[in-house]
Each structure stands twice: as C-alpha cells, then as structure tokens.
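Below is one structure; the comments refer to it alone.
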Amino acid sequence: MQRELALKVDNINVFYGEFHALWDVSLEVEPQQIISVIGTNGSGKSTLLNAIAGLLQPRGGDVELFGEKISGMQPHQTVVRGVSLVPEGRRVFGRLTVYENLIMGAYTPRARKRRSTVLRMVYDLFPRLHERRNQLASTMSGGEQQMLAIGRALMSEPKLLLCDEISLGLAPLIIKDIYKKLEEINRQGVAILLVEQDINRSLKACQYAHVMLEGKVVLSGNPASLTLEEVKRAYFGV
Ligand SMILES: Nc1ncnc2c1ncn2[C@@H]1O[C@H](COP(=O)(O)OP(=O)(O)OP(=O)(O)O)[C@@H](O)[C@H]1O
Ligand SMILES: [Mg+2]
C-alpha cells in the first residue's frame with residue numbers, strides 16, 4: 001500500500017523573471033512528521049515555502065497535499081485545503097490587538113464558523129496570548145510576536161504548517177519554548193515543514209532534514225544518520 005503523504009513536492013522549479021531560484025526541488029512530509037529544510041541566506045528556503053503556499057507558482061513540477069494537486073492554486077485556495085504559512089519576519093499587524101490578529105487568521109468560511117473554538121485552543125497553547133489579548137501587536141516582544149504569528153496561522157486549522165525561520169533574532173530560551181509548542185502542535189496532528197538557518201536547532205526538532213544550497217537540495221537524511229560535519233559542508237558548499 002502506498003504511504004499517505006501530507007505533502008509531496010515533486011521536482012519543482014521556480015523563477016523570479018529570468019532568475020532560476022529553485023532547481024528540481026523534491027521533498028515529502030508524512031502526516032505525523034516535522035521535516036526541516038536548512039540553508040544559508042539566499043539558498044531558496046522562503047521561495048520553497050512560498051511556492052508550496054501558492055504565493056509563487058512553480059514552472060514545472062507538482063505540489064500535492066494529501067494526494068491533491070495544489071500547485072497552480074492561489075494562497076486562499078491552499079489555505080482552504082489545509083496549508084498555513086508562518087511567514088518570515090512574523091508580519092503581525094502591529095496596529096491591531098493580539099485578539100484582532102488572531103481573528104485575521106480565521107478568514108476562510110469554515111474557520112470563521114469555528115473561530116471561537118479554535119481561538120480557545122490557541123489560547124490554551126499560548127496562555128501569554130490570552131493574557132495579552134487586548135495589547136497592540138507592535139508592543140509585544142519578539143518572542144511574543146512569533147507566538148502570535150504561529151497562533152494566527154493555526155486559526156485556519158491547518159493540516160500542514162509551514163514555518164519560515166521562526167527562531168530568527170530570538171533568545172535561546174525563547175526559541176526552546178517555541179519549539180516545544182511546535183512539537184505540541186505536531187502531536188495534535190499537524191504536519192510541519194520548518195525552514196531554518198540554525199542547523200543544531202532544526203536537526204534536533206525534526207525526523208528528516210534537507211540541506212539547500214543555491215536553490216538545490218544538496219543533502220538529505222534523518223538527523224541520526226547525518227554528521228554535523230557533512231551538514232556543515234553541504235550548508236556552506238565547501
Ligand atoms: N522577489 C524576488 N525577486 C527576485 N529574486 C528574488 C526574489 N525573492 C528572492 N529572490 C532571490 O531568490 C534567491 C532565494 O531567496 P529566498 O528568499 O528564497 O532565500 P532564503 O533561503 O529564504 O534566504 P534567507 O535565509 O535570507 O531568508 C535569492 O538569491 C534571492 O535574491
Ligand atoms: Mg527566507
């Protein structure tokens with residue numbers, strides 16, 4: 001019997017005009033998995049997540065979510081099917097409150113109907129967001145804003161959560177805390193695709209990792225089988 005996959009990225013190529021940003025990128029995420037993509041600045045990590053979410057359209061190749069082709073769809077269509085992106089740089093709405101930011105994440109008809117139930121779940125996961133629900137997002141700390149960005153992404157009840165460098169610029173203890181929350185989200189049945197520059201942190205969290213360099217996947221394996229030495233070599237391209 002064929003394994004069910006939450007996500008299958010099959011040989012996608014992405015261009016910005018003439019610039020070839022992703023080259024035949026393939027990867028898979030099983031429903032219960034956390035998968036990492038590690039890569040330095042400009043290696044194509046955000047491009048990959050944006051292509052999965054429908055913000056960019058691959059030229060060639062396919063993206064499937066639970067067996068359904070989603071490449072070619074717009075972001076609002078991929079959200080309805082269960083993809084949610086925690087964007088690079090958090091992008092919370094600074095002039096809105098925490099509560100209002102969360103509500104913005106529940107914009108699909110289904111999410112709107114379920115929003116009070118899901119809001120309670122998000123507040124249970126992040127009690128700090130509940131405490132600060134009436135605070136303006138711009139006045140939250142970096143770590144709190146990251147929690148808010150994750151909480152907002154959860155409001156659409158995703159089956160696949162895409163996280164773009166959630167640890168960037170945060171203190172180690174806060175990062176640890178946020179990764180614990182991700183593991184909890186994963187245990188609740190959400191598949192997670194993480195992209196990170198931080199090699200150690202993402203290897204620790206995932207069941208399988210890919211290293212990207214200049215738009216290509218140059219090394220893949222489970223963290224136990226990869227040595228730090230070979231990951232670093234692939235990461236820096238030396
Ligand atoms: N809108 C754009 N137009 C043209 N080129 C772009 C655009 N966005 C990204 N690129 C280029 O595509 C390549 C990959 O960029 P991408 O943002 O995916 O990298 P990244 O791995 O997310 O980097 P970082 O860790 O700095 O966020 C880079 O060379 C970048 O300059
Ligand atoms: Mg990026």
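For the structure tokens, the naming scheme is as follows: chains receive sequential letters (A, B, ...) according to their order of presentation, residues are indexed from 1 within each chain, and ligands are indexed from 1 in presentation order.
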### Task
For Lys232 of chain A, please output as a list in words all residues within 12 Å (counting only C-alpha atoms; exclusion window: fewer than 5 positions along the same chain).
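Non-adjacent residues within range: Ile38, Gly39, Thr40, Gln197, Asp198, Ile199, Asn200, Leu203, His210, Val211, Met212, Leu213, Val218, Leu219, Leu226, Thr227, Gly237 and Val238 of chain A.
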Would you put the residues from that selection into a file with N, CA, C and O atoms, as a PDB file, in the first residue's frame?
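again.pdb, written as the output of this step:
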```pdb
ATOM      1  N   ILE A  38      17.227  23.194   5.883  1.00  0.00           N
ATOM      2  CA  ILE A  38      18.255  24.063   6.430  1.00  0.00           C
ATOM      3  C   ILE A  38      18.998  24.698   5.265  1.00  0.00           C
ATOM      4  O   ILE A  38      19.271  24.025   4.263  1.00  0.00           O
ATOM      5  N   GLY A  39      19.324  25.967   5.422  1.00  0.00           N
ATOM      6  CA  GLY A  39      20.097  26.595   4.349  1.00  0.00           C
ATOM      7  C   GLY A  39      20.484  28.000   4.747  1.00  0.00           C
ATOM      8  O   GLY A  39      19.809  28.642   5.557  1.00  0.00           O
ATOM      9  N   THR A  40      21.554  28.461   4.165  1.00  0.00           N
ATOM     10  CA  THR A  40      22.037  29.792   4.498  1.00  0.00           C
ATOM     11  C   THR A  40      21.214  30.860   3.762  1.00  0.00           C
ATOM     12  O   THR A  40      20.280  30.529   3.031  1.00  0.00           O
ATOM     13  N   GLN A 197      17.904  28.664   9.460  1.00  0.00           N
ATOM     14  CA  GLN A 197      19.353  28.765   9.229  1.00  0.00           C
ATOM     15  C   GLN A 197      20.111  28.048  10.333  1.00  0.00           C
ATOM     16  O   GLN A 197      21.258  27.673  10.166  1.00  0.00           O
ATOM     17  N   ASP A 198      19.447  27.883  11.478  1.00  0.00           N
ATOM     18  CA  ASP A 198      20.080  27.302  12.654  1.00  0.00           C
ATOM     19  C   ASP A 198      20.142  25.771  12.524  1.00  0.00           C
ATOM     20  O   ASP A 198      19.135  25.075  12.672  1.00  0.00           O
ATOM     21  N   ILE A 199      21.331  25.274  12.229  1.00  0.00           N
ATOM     22  CA  ILE A 199      21.498  23.840  11.948  1.00  0.00           C
ATOM     23  C   ILE A 199      21.136  22.991  13.165  1.00  0.00           C
ATOM     24  O   ILE A 199      20.319  22.061  13.066  1.00  0.00           O
ATOM     25  N   ASN A 200      21.718  23.302  14.315  1.00  0.00           N
ATOM     26  CA  ASN A 200      21.517  22.455  15.501  1.00  0.00           C
ATOM     27  C   ASN A 200      20.068  22.392  15.934  1.00  0.00           C
ATOM     28  O   ASN A 200      19.534  21.323  16.204  1.00  0.00           O
ATOM     29  N   LEU A 203      17.893  20.390  13.410  1.00  0.00           N
ATOM     30  CA  LEU A 203      18.189  18.941  13.387  1.00  0.00           C
ATOM     31  C   LEU A 203      17.587  18.248  14.605  1.00  0.00           C
ATOM     32  O   LEU A 203      17.115  17.121  14.534  1.00  0.00           O
ATOM     33  N   HIS A 210      16.654  18.309   5.146  1.00  0.00           N
ATOM     34  CA  HIS A 210      17.218  18.578   3.821  1.00  0.00           C
ATOM     35  C   HIS A 210      18.084  19.823   3.929  1.00  0.00           C
ATOM     36  O   HIS A 210      17.683  20.791   4.586  1.00  0.00           O
ATOM     37  N   VAL A 211      19.223  19.797   3.279  1.00  0.00           N
ATOM     38  CA  VAL A 211      20.057  20.999   3.229  1.00  0.00           C
ATOM     39  C   VAL A 211      19.950  21.582   1.826  1.00  0.00           C
ATOM     40  O   VAL A 211      20.076  20.865   0.835  1.00  0.00           O
ATOM     41  N   MET A 212      19.684  22.893   1.784  1.00  0.00           N
ATOM     42  CA  MET A 212      19.603  23.572   0.482  1.00  0.00           C
ATOM     43  C   MET A 212      20.791  24.490   0.282  1.00  0.00           C
ATOM     44  O   MET A 212      21.266  25.126   1.230  1.00  0.00           O
ATOM     45  N   LEU A 213      21.231  24.554  -0.944  1.00  0.00           N
ATOM     46  CA  LEU A 213      22.309  25.469  -1.313  1.00  0.00           C
ATOM     47  C   LEU A 213      22.021  25.969  -2.723  1.00  0.00           C
ATOM     48  O   LEU A 213      21.765  25.155  -3.631  1.00  0.00           O
ATOM     49  N   VAL A 218      20.904  19.683  -1.559  1.00  0.00           N
ATOM     50  CA  VAL A 218      22.223  19.076  -1.773  1.00  0.00           C
ATOM     51  C   VAL A 218      22.508  17.925  -0.801  1.00  0.00           C
ATOM     52  O   VAL A 218      23.470  17.177  -0.986  1.00  0.00           O
ATOM     53  N   LEU A 219      21.695  17.793   0.235  1.00  0.00           N
ATOM     54  CA  LEU A 219      21.904  16.696   1.191  1.00  0.00           C
ATOM     55  C   LEU A 219      20.585  16.436   1.914  1.00  0.00           C
ATOM     56  O   LEU A 219      19.874  17.374   2.266  1.00  0.00           O
ATOM     57  N   LEU A 226      22.993  11.738   9.755  1.00  0.00           N
ATOM     58  CA  LEU A 226      23.823  12.815   9.198  1.00  0.00           C
ATOM     59  C   LEU A 226      24.848  13.246  10.236  1.00  0.00           C
ATOM     60  O   LEU A 226      24.518  13.401  11.406  1.00  0.00           O
ATOM     61  N   THR A 227      26.075  13.469   9.815  1.00  0.00           N
ATOM     62  CA  THR A 227      27.029  14.027  10.771  1.00  0.00           C
ATOM     63  C   THR A 227      27.003  15.549  10.632  1.00  0.00           C
ATOM     64  O   THR A 227      26.698  16.083   9.564  1.00  0.00           O
ATOM     65  N   GLY A 237      28.621  24.769   1.250  1.00  0.00           N
ATOM     66  CA  GLY A 237      29.038  24.461  -0.110  1.00  0.00           C
ATOM     67  C   GLY A 237      30.554  24.354  -0.243  1.00  0.00           C
ATOM     68  O   GLY A 237      31.120  24.782  -1.247  1.00  0.00           O
ATOM     69  N   VAL A 238      31.185  23.758   0.784  1.00  0.00           N
ATOM     70  CA  VAL A 238      32.657  23.636   0.702  1.00  0.00           C
ATOM     71  C   VAL A 238      33.066  22.173   0.585  1.00  0.00           C
ATOM     72  O   VAL A 238      32.293  21.282   0.844  1.00  0.00           O
TER      73      VAL A 238
END
```
### Message
Can you pull out the residues contacting segment 5-9 of chain A? Cut-off 6 Å, using only C-alpha atoms, and skip same-chain residues under 6 positions away; I want them as a ChimeraX atom specification.
### Response
/A:26-31,63-66
### Task
Please indicate the distance in Å from atom CA of Ile166 of chain A to atom CA of Ala51 of chain A, rounded to one decimal place.
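Separation between atom CA of Ile166 of chain A and atom CA of Ala51 of chain A: 18.2 Å.
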### Computed interatomic separation between atom CA of Thr108 of chain A and atom CA of Val92 of chain A (Å)
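Atom CA of Thr108 of chain A sits 18.2 Å away from atom CA of Val92 of chain A.
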### Task
Find the residue from A:Leu56, A:Ile34, A:Ile192, A:Val118 that sits nearest to ligand 1; use only C-alpha atoms and all ligand atoms when measuring.
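Using only C-alpha atoms and all ligand atoms, ligand 1 sits closest to A:Leu56.
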### Message
Nearest residue to ligand 2 out of A:Arg114, A:Leu148, A:Leu194, A:Phe126, using only C-alpha atoms and all ligand atoms?
### Response
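Checking each of A:Arg114, A:Leu148, A:Leu194, A:Phe126 against ligand 2, counting only C-alpha atoms and all ligand atoms, the winner is A:Leu194.
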Ligand 1: which residues are within 9 Å, counting only C-alpha atoms and all ligand atoms? Reply as a compact mmCIF listing (two decimals) with N, CA and C atoms, in the first residue's frame.
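Saved the output as out24.txt:
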```txt
# COMPACT_ATOMS: atom_id res chain seq x y z
N PHE A 15 11.10 30.42 -10.73
CA PHE A 15 11.87 31.52 -11.31
C PHE A 15 11.35 32.85 -10.80
N TYR A 16 12.26 33.82 -10.63
CA TYR A 16 11.85 35.22 -10.49
C TYR A 16 12.29 35.87 -11.80
N GLY A 17 11.39 36.06 -12.71
CA GLY A 17 11.78 36.54 -14.03
C GLY A 17 12.71 35.53 -14.66
N GLU A 18 13.92 35.96 -14.99
CA GLU A 18 14.90 35.06 -15.60
C GLU A 18 15.68 34.28 -14.56
N PHE A 19 15.62 34.74 -13.31
CA PHE A 19 16.46 34.12 -12.26
C PHE A 19 15.87 32.78 -11.80
N HIS A 20 16.68 31.75 -11.91
CA HIS A 20 16.24 30.39 -11.57
C HIS A 20 16.51 30.16 -10.08
N ALA A 21 15.46 30.25 -9.25
CA ALA A 21 15.65 30.24 -7.79
C ALA A 21 15.57 28.84 -7.18
N LEU A 22 14.71 27.97 -7.69
CA LEU A 22 14.64 26.58 -7.20
C LEU A 22 14.86 25.64 -8.38
N ILE A 38 17.23 23.19 5.88
CA ILE A 38 18.26 24.06 6.43
C ILE A 38 19.00 24.70 5.26
N GLY A 39 19.32 25.97 5.42
CA GLY A 39 20.10 26.59 4.35
C GLY A 39 20.48 28.00 4.75
N THR A 40 21.55 28.46 4.16
CA THR A 40 22.04 29.79 4.50
C THR A 40 21.21 30.86 3.76
N ASN A 41 21.54 32.13 3.98
CA ASN A 41 20.82 33.23 3.32
C ASN A 41 20.80 33.03 1.81
N GLY A 42 19.62 33.18 1.23
CA GLY A 42 19.52 33.14 -0.22
C GLY A 42 19.54 31.76 -0.83
N SER A 43 19.45 30.72 0.00
CA SER A 43 19.50 29.36 -0.56
C SER A 43 18.16 28.92 -1.16
N GLY A 44 17.10 29.69 -0.90
CA GLY A 44 15.81 29.38 -1.53
C GLY A 44 14.75 28.86 -0.57
N LYS A 45 14.99 28.97 0.72
CA LYS A 45 14.05 28.42 1.71
C LYS A 45 12.68 29.11 1.66
N SER A 46 12.69 30.43 1.68
CA SER A 46 11.39 31.14 1.64
C SER A 46 10.71 30.92 0.30
N THR A 47 11.50 30.88 -0.76
CA THR A 47 10.93 30.63 -2.09
C THR A 47 10.19 29.29 -2.09
N LEU A 48 10.80 28.29 -1.47
CA LEU A 48 10.17 26.96 -1.41
C LEU A 48 8.84 27.03 -0.66
N LEU A 49 8.83 27.63 0.53
CA LEU A 49 7.59 27.70 1.30
C LEU A 49 6.53 28.53 0.57
N ASN A 50 6.97 29.62 -0.04
CA ASN A 50 6.01 30.46 -0.76
C ASN A 50 5.43 29.73 -1.98
N GLU A 88 8.19 34.55 7.10
CA GLU A 88 9.46 35.09 7.59
C GLU A 88 9.21 36.51 8.14
N ASP A 164 8.63 29.68 8.55
CA ASP A 164 9.79 30.29 7.92
C ASP A 164 10.66 31.00 8.97
N GLU A 165 11.75 30.36 9.36
CA GLU A 165 12.73 30.93 10.29
C GLU A 165 12.09 31.53 11.54
N VAL A 195 11.67 25.77 7.95
CA VAL A 195 12.94 26.17 7.35
C VAL A 195 13.70 27.02 8.35
N GLU A 196 14.99 26.80 8.41
CA GLU A 196 15.82 27.45 9.43
C GLU A 196 17.23 27.65 8.91
N GLN A 197 17.90 28.66 9.46
CA GLN A 197 19.35 28.77 9.23
C GLN A 197 20.11 28.05 10.33
N MET A 212 19.68 22.89 1.78
CA MET A 212 19.60 23.57 0.48
C MET A 212 20.79 24.49 0.28
N LEU A 213 21.23 24.55 -0.94
CA LEU A 213 22.31 25.47 -1.31
C LEU A 213 22.02 25.97 -2.72
N GLU A 214 21.99 27.28 -2.86
CA GLU A 214 21.76 27.90 -4.17
C GLU A 214 20.60 27.28 -4.93
N GLY A 215 19.49 27.12 -4.21
CA GLY A 215 18.26 26.68 -4.87
C GLY A 215 18.14 25.19 -5.12
```
### Task
DSSP on the backbone, then: every residue of chain A marked alpha helix (DSSP H), written as number ranges by chain.
A: 45-53, 75-81, 98-104, 109-113, 115-125, 127-131, 142-154, 172-187, 199-205, 228-236
### Query
Restricting the calculation to only C-alpha atoms and all ligand atoms, which member of A:Ala191, A:Val86, A:Leu170, A:Ile150 is positioned closest to ligand 2?
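Selected residue with least distance to ligand 2: A:Val86.
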### Task
Considering only C-alpha atoms, return as a PyMOL selection string whatever protein or nucleic-acid residues lie within 9 Å of Ile70 of chain A, sequence-local ones (same chain, fewer than 4 positions apart) excluded.
chain A and resi 52-54+62-65+74+77-78+81
Go ahead and write the residues just picked, N, CA, C and O atoms, as a JSON list (two decimals), in the first residue's frame.
```
[["chain", "number", "residue", "atom", "x", "y", "z"],
["A", 52, "ILE", "N", 4.96, 26.47, -2.10],
["A", 52, "ILE", "CA", 4.01, 25.48, -1.58],
["A", 52, "ILE", "C", 2.68, 26.17, -1.22],
["A", 52, "ILE", "O", 1.60, 25.66, -1.51],
["A", 53, "ALA", "N", 2.78, 27.35, -0.61],
["A", 53, "ALA", "CA", 1.58, 28.06, -0.16],
["A", 53, "ALA", "C", 0.80, 28.71, -1.31],
["A", 53, "ALA", "O", -0.32, 29.16, -1.12],
["A", 54, "GLY", "N", 1.41, 28.76, -2.51],
["A", 54, "GLY", "CA", 0.71, 29.34, -3.66],
["A", 54, "GLY", "C", 0.99, 30.82, -3.88],
["A", 54, "GLY", "O", 0.38, 31.45, -4.73],
["A", 62, "ASP", "N", 5.30, 19.43, -9.50],
["A", 62, "ASP", "CA", 4.00, 19.38, -8.84],
["A", 62, "ASP", "C", 4.13, 19.52, -7.35],
["A", 62, "ASP", "O", 5.12, 19.07, -6.77],
["A", 63, "VAL", "N", 3.10, 20.07, -6.74],
["A", 63, "VAL", "CA", 2.99, 20.04, -5.28],
["A", 63, "VAL", "C", 1.65, 19.39, -4.95],
["A", 63, "VAL", "O", 0.60, 19.79, -5.49],
["A", 64, "GLU", "N", 1.69, 18.36, -4.11],
["A", 64, "GLU", "CA", 0.44, 17.68, -3.72],
["A", 64, "GLU", "C", 0.27, 17.74, -2.21],
["A", 64, "GLU", "O", 1.22, 17.55, -1.46],
["A", 65, "LEU", "N", -0.98, 17.98, -1.79],
["A", 65, "LEU", "CA", -1.34, 17.97, -0.37],
["A", 65, "LEU", "C", -2.32, 16.82, -0.17],
["A", 65, "LEU", "O", -3.40, 16.81, -0.77],
["A", 74, "GLN", "N", -4.05, 29.41, -5.87],
["A", 74, "GLN", "CA", -3.75, 30.67, -5.19],
["A", 74, "GLN", "C", -3.70, 30.43, -3.67],
["A", 74, "GLN", "O", -4.28, 29.46, -3.19],
["A", 77, "GLN", "N", -6.77, 29.41, -1.83],
["A", 77, "GLN", "CA", -7.23, 28.05, -2.12],
["A", 77, "GLN", "C", -6.41, 27.01, -1.35],
["A", 77, "GLN", "O", -6.95, 25.99, -0.91],
["A", 78, "THR", "N", -5.12, 27.27, -1.18],
["A", 78, "THR", "CA", -4.31, 26.30, -0.43],
["A", 78, "THR", "C", -4.67, 26.36, 1.06],
["A", 78, "THR", "O", -4.65, 25.34, 1.74],
["A", 81, "ARG", "N", -7.54, 24.20, 1.83],
["A", 81, "ARG", "CA", -7.19, 22.77, 1.82],
["A", 81, "ARG", "C", -6.30, 22.35, 2.99],
["A", 81, "ARG", "O", -5.98, 21.20, 3.15]]
```
### Task
Name the closest residue to ligand 2 among the candidates A:Ala209, A:Gln32, A:Leu96, A:Pro87; distances are taken between atoms, counting only C-alpha atoms and all ligand atoms.
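The answer is A:Pro87, which sits nearest to ligand 2.
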### Task
Could you please determine the separation between atom CA of Pro223 of chain A and atom CA of Tyr208 of chain A in Å, to one decimal place?
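Taking atom CA of Pro223 of chain A and atom CA of Tyr208 of chain A, their separation equals 6.2 Å.
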### Query
If you run DSSP on the backbone, which residues of segment 1-202 of chain A are strand (DSSP E), as number ranges by chain?
A: 7-16, 19-29, 34-39, 62-65, 68-69, 83-86, 160-164, 191-196
### Task
Tell me, as a PyMOL selection string, which residues lie within 9 Å of Ile175 of chain A, counting only C-alpha atoms; anything in the same chain fewer than 5 positions away does not count.
chain A and resi 143+166-168+170+180+201
Filtering to N, CA, C and O atoms, could you give me those residues as a PDB file, in the first residue's frame?
```pdb
ATOM      1  N   GLY A 143       9.580  37.443  20.863  1.00  0.00           N
ATOM      2  CA  GLY A 143       9.120  36.067  21.083  1.00  0.00           C
ATOM      3  C   GLY A 143       7.604  35.982  21.114  1.00  0.00           C
ATOM      4  O   GLY A 143       7.005  35.060  20.560  1.00  0.00           O
ATOM      5  N   ILE A 166      11.396  30.676  12.277  1.00  0.00           N
ATOM      6  CA  ILE A 166      10.714  31.173  13.470  1.00  0.00           C
ATOM      7  C   ILE A 166      11.672  31.519  14.598  1.00  0.00           C
ATOM      8  O   ILE A 166      11.283  32.173  15.546  1.00  0.00           O
ATOM      9  N   SER A 167      12.924  31.080  14.525  1.00  0.00           N
ATOM     10  CA  SER A 167      13.828  31.370  15.649  1.00  0.00           C
ATOM     11  C   SER A 167      14.708  32.597  15.407  1.00  0.00           C
ATOM     12  O   SER A 167      15.451  33.013  16.299  1.00  0.00           O
ATOM     13  N   LEU A 168      14.580  33.193  14.240  1.00  0.00           N
ATOM     14  CA  LEU A 168      15.478  34.295  13.891  1.00  0.00           C
ATOM     15  C   LEU A 168      15.343  35.477  14.861  1.00  0.00           C
ATOM     16  O   LEU A 168      14.269  35.998  15.088  1.00  0.00           O
ATOM     17  N   LEU A 170      15.687  35.571  18.072  1.00  0.00           N
ATOM     18  CA  LEU A 170      15.146  35.329  19.416  1.00  0.00           C
ATOM     19  C   LEU A 170      16.202  34.708  20.331  1.00  0.00           C
ATOM     20  O   LEU A 170      17.122  34.023  19.880  1.00  0.00           O
ATOM     21  N   LYS A 180       9.094  23.796  21.625  1.00  0.00           N
ATOM     22  CA  LYS A 180       8.238  22.882  22.411  1.00  0.00           C
ATOM     23  C   LYS A 180       6.793  23.001  21.952  1.00  0.00           C
ATOM     24  O   LYS A 180       6.074  22.002  21.835  1.00  0.00           O
ATOM     25  N   ARG A 201      19.461  23.552  16.006  1.00  0.00           N
ATOM     26  CA  ARG A 201      18.082  23.616  16.475  1.00  0.00           C
ATOM     27  C   ARG A 201      17.152  22.796  15.574  1.00  0.00           C
ATOM     28  O   ARG A 201      16.346  22.010  16.042  1.00  0.00           O
TER      29      ARG A 201
END
```
### Query
Which residues come within 12 Å of His76 of chain A, counting only C-alpha atoms, excluding same-chain residues fewer than 6 positions away, as JSON, numbers by chain?
{"A": [53, 54, 55, 70, 82, 83, 84, 85, 105, 106, 107, 108, 109, 156]}
Written selection (all heavy atoms) as a PDB file, in the first residue's frame:
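Everything below was put into part_38.pdb:
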```
ATOM      1  N   ALA A  53       2.784  27.348  -0.608  1.00  0.00           N
ATOM      2  CA  ALA A  53       1.578  28.062  -0.160  1.00  0.00           C
ATOM      3  C   ALA A  53       0.803  28.706  -1.315  1.00  0.00           C
ATOM      4  O   ALA A  53      -0.321  29.165  -1.117  1.00  0.00           O
ATOM      5  CB  ALA A  53       1.966  29.125   0.868  1.00  0.00           C
ATOM      6  N   GLY A  54       1.409  28.763  -2.509  1.00  0.00           N
ATOM      7  CA  GLY A  54       0.708  29.337  -3.658  1.00  0.00           C
ATOM      8  C   GLY A  54       0.994  30.816  -3.878  1.00  0.00           C
ATOM      9  O   GLY A  54       0.384  31.449  -4.728  1.00  0.00           O
ATOM     10  N   LEU A  55       1.942  31.365  -3.104  1.00  0.00           N
ATOM     11  CA  LEU A  55       2.321  32.776  -3.305  1.00  0.00           C
ATOM     12  C   LEU A  55       3.208  32.919  -4.537  1.00  0.00           C
ATOM     13  O   LEU A  55       3.316  33.994  -5.118  1.00  0.00           O
ATOM     14  CB  LEU A  55       3.070  33.298  -2.072  1.00  0.00           C
ATOM     15  CG  LEU A  55       2.205  33.441  -0.813  1.00  0.00           C
ATOM     16  CD1 LEU A  55       3.045  33.359   0.449  1.00  0.00           C
ATOM     17  CD2 LEU A  55       1.432  34.750  -0.843  1.00  0.00           C
ATOM     18  N   ILE A  70      -1.953  20.804  -5.548  1.00  0.00           N
ATOM     19  CA  ILE A  70      -2.230  22.199  -5.139  1.00  0.00           C
ATOM     20  C   ILE A  70      -1.354  23.200  -5.886  1.00  0.00           C
ATOM     21  O   ILE A  70      -1.560  24.403  -5.769  1.00  0.00           O
ATOM     22  CB  ILE A  70      -2.093  22.413  -3.604  1.00  0.00           C
ATOM     23  CG1 ILE A  70      -0.688  22.056  -3.104  1.00  0.00           C
ATOM     24  CG2 ILE A  70      -3.170  21.655  -2.844  1.00  0.00           C
ATOM     25  CD1 ILE A  70      -0.388  22.595  -1.704  1.00  0.00           C
ATOM     26  N   GLY A  82      -5.834  23.341   3.754  1.00  0.00           N
ATOM     27  CA  GLY A  82      -5.119  22.953   4.967  1.00  0.00           C
ATOM     28  C   GLY A  82      -3.661  23.361   5.050  1.00  0.00           C
ATOM     29  O   GLY A  82      -2.928  22.857   5.892  1.00  0.00           O
ATOM     30  N   VAL A  83      -3.241  24.310   4.196  1.00  0.00           N
ATOM     31  CA  VAL A  83      -1.858  24.797   4.282  1.00  0.00           C
ATOM     32  C   VAL A  83      -1.869  26.144   5.010  1.00  0.00           C
ATOM     33  O   VAL A  83      -2.718  26.988   4.740  1.00  0.00           O
ATOM     34  CB  VAL A  83      -1.249  25.024   2.873  1.00  0.00           C
ATOM     35  CG1 VAL A  83       0.171  25.573   2.978  1.00  0.00           C
ATOM     36  CG2 VAL A  83      -1.265  23.728   2.076  1.00  0.00           C
ATOM     37  N   SER A  84      -0.957  26.321   5.948  1.00  0.00           N
ATOM     38  CA  SER A  84      -0.866  27.622   6.607  1.00  0.00           C
ATOM     39  C   SER A  84       0.599  27.995   6.783  1.00  0.00           C
ATOM     40  O   SER A  84       1.414  27.166   7.165  1.00  0.00           O
ATOM     41  CB  SER A  84      -1.591  27.568   7.958  1.00  0.00           C
ATOM     42  OG  SER A  84      -1.908  28.862   8.385  1.00  0.00           O
ATOM     43  N   LEU A  85       0.902  29.251   6.478  1.00  0.00           N
ATOM     44  CA  LEU A  85       2.289  29.718   6.492  1.00  0.00           C
ATOM     45  C   LEU A  85       2.524  30.691   7.642  1.00  0.00           C
ATOM     46  O   LEU A  85       1.755  31.635   7.820  1.00  0.00           O
ATOM     47  CB  LEU A  85       2.585  30.421   5.149  1.00  0.00           C
ATOM     48  CG  LEU A  85       3.922  31.146   4.993  1.00  0.00           C
ATOM     49  CD1 LEU A  85       5.101  30.168   4.987  1.00  0.00           C
ATOM     50  CD2 LEU A  85       3.939  31.964   3.692  1.00  0.00           C
ATOM     51  N   GLY A 105      -6.557  35.519  11.104  1.00  0.00           N
ATOM     52  CA  GLY A 105      -6.130  34.210  10.602  1.00  0.00           C
ATOM     53  C   GLY A 105      -7.288  33.279  10.303  1.00  0.00           C
ATOM     54  O   GLY A 105      -7.114  32.231   9.677  1.00  0.00           O
ATOM     55  N   ALA A 106      -8.483  33.655  10.733  1.00  0.00           N
ATOM     56  CA  ALA A 106      -9.656  32.781  10.562  1.00  0.00           C
ATOM     57  C   ALA A 106     -10.569  33.338   9.484  1.00  0.00           C
ATOM     58  O   ALA A 106     -11.742  33.587   9.709  1.00  0.00           O
ATOM     59  CB  ALA A 106     -10.402  32.647  11.886  1.00  0.00           C
ATOM     60  N   TYR A 107     -10.003  33.546   8.294  1.00  0.00           N
ATOM     61  CA  TYR A 107     -10.800  34.249   7.282  1.00  0.00           C
ATOM     62  C   TYR A 107     -11.529  33.330   6.310  1.00  0.00           C
ATOM     63  O   TYR A 107     -12.345  33.783   5.545  1.00  0.00           O
ATOM     64  CB  TYR A 107      -9.933  35.268   6.536  1.00  0.00           C
ATOM     65  CG  TYR A 107      -8.769  34.671   5.794  1.00  0.00           C
ATOM     66  CD1 TYR A 107      -8.913  34.208   4.503  1.00  0.00           C
ATOM     67  CD2 TYR A 107      -7.515  34.573   6.410  1.00  0.00           C
ATOM     68  CE1 TYR A 107      -7.841  33.657   3.828  1.00  0.00           C
ATOM     69  CE2 TYR A 107      -6.442  34.026   5.741  1.00  0.00           C
ATOM     70  CZ  TYR A 107      -6.614  33.561   4.456  1.00  0.00           C
ATOM     71  OH  TYR A 107      -5.555  33.010   3.798  1.00  0.00           O
ATOM     72  N   THR A 108     -11.230  32.035   6.347  1.00  0.00           N
ATOM     73  CA  THR A 108     -11.990  31.157   5.444  1.00  0.00           C
ATOM     74  C   THR A 108     -13.371  30.915   6.069  1.00  0.00           C
ATOM     75  O   THR A 108     -13.528  31.017   7.283  1.00  0.00           O
ATOM     76  CB  THR A 108     -11.287  29.802   5.234  1.00  0.00           C
ATOM     77  OG1 THR A 108     -11.253  29.115   6.500  1.00  0.00           O
ATOM     78  CG2 THR A 108      -9.856  29.971   4.741  1.00  0.00           C
ATOM     79  N   PRO A 109     -14.372  30.582   5.233  1.00  0.00           N
ATOM     80  CA  PRO A 109     -15.725  30.384   5.785  1.00  0.00           C
ATOM     81  C   PRO A 109     -15.751  29.334   6.902  1.00  0.00           C
ATOM     82  O   PRO A 109     -16.380  29.540   7.940  1.00  0.00           O
ATOM     83  CB  PRO A 109     -16.524  29.907   4.572  1.00  0.00           C
ATOM     84  CG  PRO A 109     -15.779  30.433   3.390  1.00  0.00           C
ATOM     85  CD  PRO A 109     -14.333  30.482   3.771  1.00  0.00           C
ATOM     86  N   SER A 156      -6.644  28.821  11.032  1.00  0.00           N
ATOM     87  CA  SER A 156      -7.330  28.181   9.899  1.00  0.00           C
ATOM     88  C   SER A 156      -7.326  26.657  10.032  1.00  0.00           C
ATOM     89  O   SER A 156      -7.704  25.953   9.113  1.00  0.00           O
ATOM     90  CB  SER A 156      -6.687  28.616   8.578  1.00  0.00           C
ATOM     91  OG  SER A 156      -5.316  28.234   8.560  1.00  0.00           O
TER      92      SER A 156
END
```
### Task
Would you please work out which residue, of A:Cys163, A:Arg132, A:Thr139, A:Ala149, is nearest to ligand 2 when using only C-alpha atoms and all ligand atoms?
A:Cys163
### Task
Excluding Gln188 of chain A and any residue of its chain fewer than 6 positions from it, enumerate the residues within 12 Å of it, using only C-alpha atoms, and give them as an NGL selection string.
:A and (31-33 or 121 or 125 or 154 or 157-160 or 181-182)
